[in-house]
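Asks: Handing you a structure now.
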Amino acid sequence: MFSFREEQVILQDLIIGHLDMDSFFASIEIVDHPDLIGKPVIVGARPEGGAGRGVVSTCSYEARAFGISSGMPVSTAFRLCPDGIYLVPRHSRYCEISRDIMSCIADTGFSYEQVSIDEAYLNLSPLHSFEKAQDVCQDLKKRIFREFHLTCSIGIAPSRSYAKIASEQAKPDGFFVLLPKDIIPLLDPMPASIIPGIGKKGIQILEKHGIKTVSDLRKMDQWRAQDLFGSMAQQIYHIVHGYERKGISHIGPASSISKETTFLQDTLDRDLLRETLLRLTGIVHTQMIRIGYSCKTVTLKIRYTGFITRTHAVTLSHPSREYDLLSQTVLHLFDARYEDKAVRLIGVRFSGFDRLSDGQRRLDEFGVES
């Protein structure tokens, strides 16, 4: 165990980098199809002339100029930009590029934590220098562009929350170093929504109390914050006061990997549900590949209105790491088990891991468990 003094030294010496790819799906489509350069590219559900269901996964910065954003209903996107280029996601392609980019990160020799298909945190603390950390990350940025013709934004700071905030300041294709002494001056004028852990409901609560900026939030009494945010209050308090020193999570051997999402409104939209499952499958698949595993069991989780939860599993005859097969399995489970009720939450879990085994090839080689 470290002494209190030793712990404080370690915390003060944390240097965390946050790498976030810019418009990842859309950027890959533009690289693969150069004729799309400079055009508003929207990746997601089919617009169907403005009657389409489902959402935008991501879009190019040219599309963002029309007011389009990730998570927006594709029907709304079509009204904003009817002449945009609408593309159906190619998740296997995105996962392939993601794996290669994560390999580049691993090649730096620093421990890292992948948190989505297109972003990761790096622990640069062993360098003991923000300047040296910047050199490492600049080289990484250059390599990613050189090898994939894709841009990314990187933030470096003394904790993961500040590093993520820093990378947001750099978008697109930027670089931002946030030193400990600059945390409060940077955060103070920003909207309170920049603080991780404050969602849409949290912002509505703050606005009712006249709190708009991080500076306003920092002046809030700690007990009042506890009443408003409950268990999140301490984390928010530490962040807004510049105290947070949280590094990357240690990732040991995994028995399962899962990812789920809760919808803002319960939905019956099959296209949205299927698209969400593909996105979640891509995230879980990328994490599984990174730790060098294949899986034998695929589980679908559905929570309907009223918090009625169902889990359905498929056990493959052989472990597999093929995205196409695993995503087909997830969709097969959904099509076979979905009860045509409004869905509150949906998720995917891979388990039954085997290291780099890859014998499964056909969807008809599985048995079903419920």
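Identifiers in the structure tokens: chain A, B, ... in order shown; residue index from 1 per chain; ligand index from 1 in order shown.
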List every residue of range 151-351 of chain A that DSSP, applied to the backbone, labels as strand (DSSP E or B), and write the result as number ranges by chain.
Replies: A: 152-157, 175-177, 191, 213, 256-267, 293-304, 308-320, 343-351
Asks: Any idea what's packed within 8 Å of range 82-91 of chain A, counting only C-alpha atoms, ignoring anything in its chain fewer than 5 positions away? Could you give it as a list in words?
Replies: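 So the residues in contact are Phe25, Lys39, Pro40, Val41, Ile42, Val43, Gly44, Ala45, Arg46, Pro47, Gly49, Gly50, Ser57, Ala63, Ala77, Leu278, Arg279 and Gly282 of chain A.
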Asks: Could the residues in this selection be saved with N, CA and C atoms as an mmCIF file, in the first residue's frame?
Replies:
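Below you can see part_12.cif, which holds the result:
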```cif
data_model
loop_
_atom_site.group_PDB
_atom_site.id
_atom_site.type_symbol
_atom_site.label_atom_id
_atom_site.label_comp_id
_atom_site.auth_asym_id
_atom_site.auth_seq_id
_atom_site.Cartn_x
_atom_site.Cartn_y
_atom_site.Cartn_z
ATOM 1 N N PHE A 25 -17.202 6.851 -38.819
ATOM 2 C CA PHE A 25 -17.845 6.084 -39.873
ATOM 3 C C PHE A 25 -17.849 6.865 -41.190
ATOM 4 N N LYS A 39 -18.519 16.567 -49.551
ATOM 5 C CA LYS A 39 -19.976 16.443 -49.607
ATOM 6 C C LYS A 39 -20.545 16.092 -48.232
ATOM 7 N N PRO A 40 -21.811 16.444 -48.019
ATOM 8 C CA PRO A 40 -22.452 16.088 -46.741
ATOM 9 C C PRO A 40 -22.789 14.595 -46.727
ATOM 10 N N VAL A 41 -22.019 13.826 -45.968
ATOM 11 C CA VAL A 41 -22.190 12.376 -45.902
ATOM 12 C C VAL A 41 -22.855 12.021 -44.571
ATOM 13 N N ILE A 42 -23.934 11.261 -44.647
ATOM 14 C CA ILE A 42 -24.677 10.857 -43.458
ATOM 15 C C ILE A 42 -24.740 9.335 -43.420
ATOM 16 N N VAL A 43 -24.215 8.745 -42.360
ATOM 17 C CA VAL A 43 -24.213 7.290 -42.200
ATOM 18 C C VAL A 43 -25.250 6.918 -41.152
ATOM 19 N N GLY A 44 -26.151 6.007 -41.528
ATOM 20 C CA GLY A 44 -27.193 5.597 -40.586
ATOM 21 C C GLY A 44 -28.322 4.882 -41.292
ATOM 22 N N ALA A 45 -29.513 5.052 -40.788
ATOM 23 C CA ALA A 45 -30.690 4.405 -41.375
ATOM 24 C C ALA A 45 -31.003 5.020 -42.734
ATOM 25 N N ARG A 46 -31.713 4.275 -43.545
ATOM 26 C CA ARG A 46 -32.124 4.782 -44.864
ATOM 27 C C ARG A 46 -33.160 5.894 -44.690
ATOM 28 N N PRO A 47 -33.016 7.021 -45.422
ATOM 29 C CA PRO A 47 -33.946 8.135 -45.230
ATOM 30 C C PRO A 47 -35.323 7.899 -45.846
ATOM 31 N N GLY A 49 -36.719 8.962 -48.478
ATOM 32 C CA GLY A 49 -37.372 10.196 -48.914
ATOM 33 C C GLY A 49 -37.950 11.034 -47.794
ATOM 34 N N GLY A 50 -37.422 10.875 -46.600
ATOM 35 C CA GLY A 50 -37.911 11.639 -45.463
ATOM 36 C C GLY A 50 -38.870 10.863 -44.585
ATOM 37 N N SER A 57 -26.061 7.619 -37.471
ATOM 38 C CA SER A 57 -24.954 7.097 -36.664
ATOM 39 C C SER A 57 -23.865 8.145 -36.530
ATOM 40 N N ALA A 63 -21.946 17.796 -43.406
ATOM 41 C CA ALA A 63 -23.343 17.548 -43.035
ATOM 42 C C ALA A 63 -23.699 18.278 -41.748
ATOM 43 N N ALA A 77 -32.914 14.560 -40.376
ATOM 44 C CA ALA A 77 -31.711 14.844 -41.159
ATOM 45 C C ALA A 77 -32.064 15.077 -42.618
ATOM 46 N N LEU A 278 -26.512 -3.588 -33.914
ATOM 47 C CA LEU A 278 -25.294 -3.671 -34.721
ATOM 48 C C LEU A 278 -24.203 -2.769 -34.152
ATOM 49 N N ARG A 279 -24.597 -1.593 -33.705
ATOM 50 C CA ARG A 279 -23.613 -0.670 -33.120
ATOM 51 C C ARG A 279 -23.028 -1.265 -31.844
ATOM 52 N N GLY A 282 -20.694 -4.106 -32.600
ATOM 53 C CA GLY A 282 -19.396 -3.624 -33.065
ATOM 54 C C GLY A 282 -18.489 -3.223 -31.920
#
```
Asks: Smallest atom-to-atom distance to Leu124 in chain A: which of A:Ser193, A:Gln287, A:Pro158, A:Phe145, using only C-alpha atoms?
Replies: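 Closest candidate: A:Pro158.
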Asks: Nearest to Leu178 in chain A: which of A:Cys104, A:Ile144, A:Ala166, A:Met21 is it, counting only C-alpha atoms?
Replies: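 Of the candidates, the smallest distance to Leu178 in chain A is held by A:Ala166.
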Asks: Interatomic distance between CA of His285 in chain A and CA of Ile194 in chain A?
Replies: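 Atom-to-atom, CA of His285 in chain A and CA of Ile194 in chain A are spaced 29.0 Å apart.
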Asks: Please run DSSP on the backbone and report, as a ChimeraX atom specification, all residues within range 98-192 of chain A that come out as alpha helix (DSSP H).
Replies: /A:98-106,130-148,160-170,183-187
Asks: Those residues you just picked out, can you put them in a file as a short mmCIF file (atom, residue, chain, number, x, y, z; two decimals), in the first residue's frame with N, CA and C atoms?
Replies:
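Output (again_29.cif):
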```cif
data_model
loop_
_atom_site.label_atom_id
_atom_site.label_comp_id
_atom_site.auth_asym_id
_atom_site.auth_seq_id
_atom_site.Cartn_x
_atom_site.Cartn_y
_atom_site.Cartn_z
N SER A 98 -10.95 0.04 -36.81
CA SER A 98 -10.81 0.28 -35.37
C SER A 98 -9.73 -0.62 -34.77
N ARG A 99 -9.74 -1.89 -35.14
CA ARG A 99 -8.73 -2.81 -34.61
C ARG A 99 -7.32 -2.37 -35.01
N ASP A 100 -7.17 -1.91 -36.25
CA ASP A 100 -5.86 -1.47 -36.70
C ASP A 100 -5.40 -0.21 -35.96
N ILE A 101 -6.33 0.69 -35.70
CA ILE A 101 -5.98 1.91 -34.98
C ILE A 101 -5.59 1.59 -33.54
N MET A 102 -6.34 0.68 -32.92
CA MET A 102 -5.99 0.29 -31.55
C MET A 102 -4.63 -0.40 -31.51
N SER A 103 -4.28 -1.09 -32.58
CA SER A 103 -2.94 -1.70 -32.65
C SER A 103 -1.87 -0.62 -32.69
N CYS A 104 -2.16 0.48 -33.38
CA CYS A 104 -1.21 1.61 -33.40
C CYS A 104 -1.04 2.19 -32.00
N ILE A 105 -2.14 2.30 -31.28
CA ILE A 105 -2.07 2.80 -29.91
C ILE A 105 -1.23 1.85 -29.05
N ALA A 106 -1.48 0.55 -29.21
CA ALA A 106 -0.73 -0.44 -28.44
C ALA A 106 0.76 -0.36 -28.75
N PHE A 130 4.43 16.49 -19.58
CA PHE A 130 3.38 16.76 -20.55
C PHE A 130 3.98 17.02 -21.93
N GLU A 131 5.17 17.59 -21.97
CA GLU A 131 5.82 17.86 -23.26
C GLU A 131 6.16 16.55 -23.97
N LYS A 132 6.72 15.58 -23.23
CA LYS A 132 7.02 14.29 -23.83
C LYS A 132 5.75 13.55 -24.23
N ALA A 133 4.70 13.69 -23.41
CA ALA A 133 3.42 13.07 -23.75
C ALA A 133 2.88 13.65 -25.06
N GLN A 134 3.05 14.94 -25.22
CA GLN A 134 2.59 15.58 -26.46
C GLN A 134 3.35 15.03 -27.66
N ASP A 135 4.65 14.81 -27.51
CA ASP A 135 5.44 14.26 -28.63
C ASP A 135 4.93 12.87 -29.02
N VAL A 136 4.64 12.03 -28.02
CA VAL A 136 4.14 10.67 -28.29
C VAL A 136 2.82 10.73 -29.04
N CYS A 137 1.92 11.58 -28.57
CA CYS A 137 0.59 11.66 -29.17
C CYS A 137 0.61 12.31 -30.56
N GLN A 138 1.51 13.28 -30.75
CA GLN A 138 1.65 13.87 -32.07
C GLN A 138 2.13 12.82 -33.07
N ASP A 139 3.08 12.00 -32.65
CA ASP A 139 3.57 10.93 -33.52
C ASP A 139 2.45 9.93 -33.83
N LEU A 140 1.62 9.64 -32.82
CA LEU A 140 0.50 8.72 -33.02
C LEU A 140 -0.51 9.30 -34.00
N LYS A 141 -0.81 10.58 -33.86
CA LYS A 141 -1.73 11.25 -34.79
C LYS A 141 -1.21 11.18 -36.22
N LYS A 142 0.07 11.43 -36.39
CA LYS A 142 0.67 11.41 -37.72
C LYS A 142 0.63 10.00 -38.32
N ARG A 143 0.90 9.00 -37.47
CA ARG A 143 0.88 7.62 -37.98
C ARG A 143 -0.52 7.22 -38.43
N ILE A 144 -1.53 7.56 -37.64
CA ILE A 144 -2.91 7.21 -38.00
C ILE A 144 -3.29 7.86 -39.32
N PHE A 145 -2.90 9.12 -39.50
CA PHE A 145 -3.23 9.78 -40.77
C PHE A 145 -2.44 9.17 -41.92
N ARG A 146 -1.18 8.87 -41.66
CA ARG A 146 -0.33 8.30 -42.71
C ARG A 146 -0.85 6.93 -43.17
N GLU A 147 -1.26 6.10 -42.23
CA GLU A 147 -1.65 4.74 -42.57
C GLU A 147 -3.11 4.61 -43.01
N PHE A 148 -3.99 5.48 -42.48
CA PHE A 148 -5.42 5.31 -42.76
C PHE A 148 -6.06 6.52 -43.41
N ARG A 160 -8.74 11.46 -16.72
CA ARG A 160 -9.50 11.06 -17.90
C ARG A 160 -10.62 12.05 -18.24
N SER A 161 -11.31 12.59 -17.25
CA SER A 161 -12.39 13.53 -17.54
C SER A 161 -11.85 14.80 -18.21
N TYR A 162 -10.75 15.31 -17.67
CA TYR A 162 -10.16 16.52 -18.26
C TYR A 162 -9.57 16.23 -19.64
N ALA A 163 -9.04 15.02 -19.83
CA ALA A 163 -8.50 14.66 -21.14
C ALA A 163 -9.60 14.61 -22.19
N LYS A 164 -10.77 14.09 -21.80
CA LYS A 164 -11.90 14.04 -22.74
C LYS A 164 -12.38 15.45 -23.06
N ILE A 165 -12.47 16.29 -22.05
CA ILE A 165 -12.86 17.68 -22.28
C ILE A 165 -11.85 18.36 -23.19
N ALA A 166 -10.56 18.07 -22.97
CA ALA A 166 -9.51 18.68 -23.80
C ALA A 166 -9.63 18.24 -25.25
N SER A 167 -9.90 16.97 -25.50
CA SER A 167 -10.00 16.50 -26.88
C SER A 167 -11.18 17.14 -27.59
N GLU A 168 -12.25 17.45 -26.84
CA GLU A 168 -13.40 18.12 -27.44
C GLU A 168 -13.04 19.53 -27.91
N GLN A 169 -12.10 20.16 -27.21
CA GLN A 169 -11.67 21.51 -27.61
C GLN A 169 -10.88 21.49 -28.91
N ALA A 170 -10.35 20.31 -29.23
CA ALA A 170 -9.45 20.21 -30.38
C ALA A 170 -10.14 19.80 -31.67
N ILE A 183 -6.85 24.16 -15.55
CA ILE A 183 -8.14 23.48 -15.54
C ILE A 183 -9.29 24.43 -15.20
N ILE A 184 -9.18 25.11 -14.08
CA ILE A 184 -10.27 25.99 -13.63
C ILE A 184 -10.51 27.13 -14.64
N PRO A 185 -9.47 27.85 -15.11
CA PRO A 185 -9.71 28.91 -16.09
C PRO A 185 -10.39 28.40 -17.36
N LEU A 186 -10.06 27.17 -17.79
CA LEU A 186 -10.70 26.64 -19.00
C LEU A 186 -12.15 26.27 -18.74
N LEU A 187 -12.40 25.61 -17.62
CA LEU A 187 -13.75 25.11 -17.36
C LEU A 187 -14.75 26.20 -17.01
#
```
Asks: Within 10 Å of range 206-222 of chain A, counting only C-alpha atoms, which residues show up once you throw out same-chain ones fewer than 3 positions away? Write them as a PyMOL selection string, please.
Replies: chain A and resi 184-195+198+200-203+225-228+233-234+236-242
Asks: Next, the residues of the selection above should be written as a PDB file, in the first residue's frame with C-alpha atoms.
Replies:
```
ATOM      1  CA  ILE A 184     -10.267  25.993 -13.635  1.00  0.00           C
ATOM      2  CA  PRO A 185      -9.711  28.905 -16.093  1.00  0.00           C
ATOM      3  CA  LEU A 186     -10.696  26.642 -18.998  1.00  0.00           C
ATOM      4  CA  LEU A 187     -13.748  25.106 -17.358  1.00  0.00           C
ATOM      5  CA  ASP A 188     -15.256  28.181 -15.696  1.00  0.00           C
ATOM      6  CA  PRO A 189     -16.934  29.813 -18.738  1.00  0.00           C
ATOM      7  CA  MET A 190     -18.005  26.488 -20.272  1.00  0.00           C
ATOM      8  CA  PRO A 191     -21.604  25.264 -20.114  1.00  0.00           C
ATOM      9  CA  ALA A 192     -22.255  22.893 -17.212  1.00  0.00           C
ATOM     10  CA  SER A 193     -23.183  20.195 -19.733  1.00  0.00           C
ATOM     11  CA  ILE A 194     -19.461  19.738 -20.509  1.00  0.00           C
ATOM     12  CA  ILE A 195     -19.001  17.907 -17.189  1.00  0.00           C
ATOM     13  CA  ILE A 198     -24.454  15.531 -16.172  1.00  0.00           C
ATOM     14  CA  LYS A 200     -30.025  16.087 -20.244  1.00  0.00           C
ATOM     15  CA  LYS A 201     -32.099  15.699 -17.095  1.00  0.00           C
ATOM     16  CA  GLY A 202     -29.235  17.102 -15.044  1.00  0.00           C
ATOM     17  CA  ILE A 203     -29.031  20.171 -17.257  1.00  0.00           C
ATOM     18  CA  ALA A 225     -25.331  19.235  -5.077  1.00  0.00           C
ATOM     19  CA  GLN A 226     -25.867  16.019  -3.122  1.00  0.00           C
ATOM     20  CA  ASP A 227     -29.625  16.636  -3.126  1.00  0.00           C
ATOM     21  CA  LEU A 228     -29.652  17.271  -6.884  1.00  0.00           C
ATOM     22  CA  ALA A 233     -22.454  14.628  -6.645  1.00  0.00           C
ATOM     23  CA  GLN A 234     -18.978  13.808  -5.322  1.00  0.00           C
ATOM     24  CA  ILE A 236     -19.049  16.224 -10.214  1.00  0.00           C
ATOM     25  CA  TYR A 237     -17.718  18.197  -7.241  1.00  0.00           C
ATOM     26  CA  HIS A 238     -14.192  16.867  -7.795  1.00  0.00           C
ATOM     27  CA  ILE A 239     -14.255  17.606 -11.527  1.00  0.00           C
ATOM     28  CA  VAL A 240     -15.521  21.196 -11.304  1.00  0.00           C
ATOM     29  CA  HIS A 241     -13.029  22.021  -8.541  1.00  0.00           C
ATOM     30  CA  GLY A 242     -10.101  20.659 -10.548  1.00  0.00           C
TER      31      GLY A 242
END
```
Asks: Can you work out which one of A:Phe78, A:His128, A:His18, A:Lys246 has the shortest atom-to-atom distance to Gly155 in chain A, counting only C-alpha atoms?
Replies: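 Checking each of A:Phe78, A:His128, A:His18, A:Lys246 against Gly155 in chain A, counting only C-alpha atoms, the winner is A:His18.
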Asks: Would you kindly return, as an MDAnalysis selection string, each protein, DNA or RNA residue with an atom no farther than 8 Å from any atom of Thr281 in chain A, considering only C-alpha atoms and excluding same-chain residues fewer than 6 positions away?
Replies: chainID A and resid 259 326:327 330 348
Asks: Dump C-alpha atoms for the selected residues as a CSV table (one decimal), in the first residue's frame?
Replies:
```csv
chain,number,residue,atom,x,y,z
A,259,LYS,CA,-22.7,-3.2,-23.9
A,326,LEU,CA,-21.6,-12.7,-34.6
A,327,SER,CA,-23.7,-9.8,-35.8
A,330,VAL,CA,-27.4,-11.1,-32.7
A,348,VAL,CA,-25.4,-7.5,-26.3
```
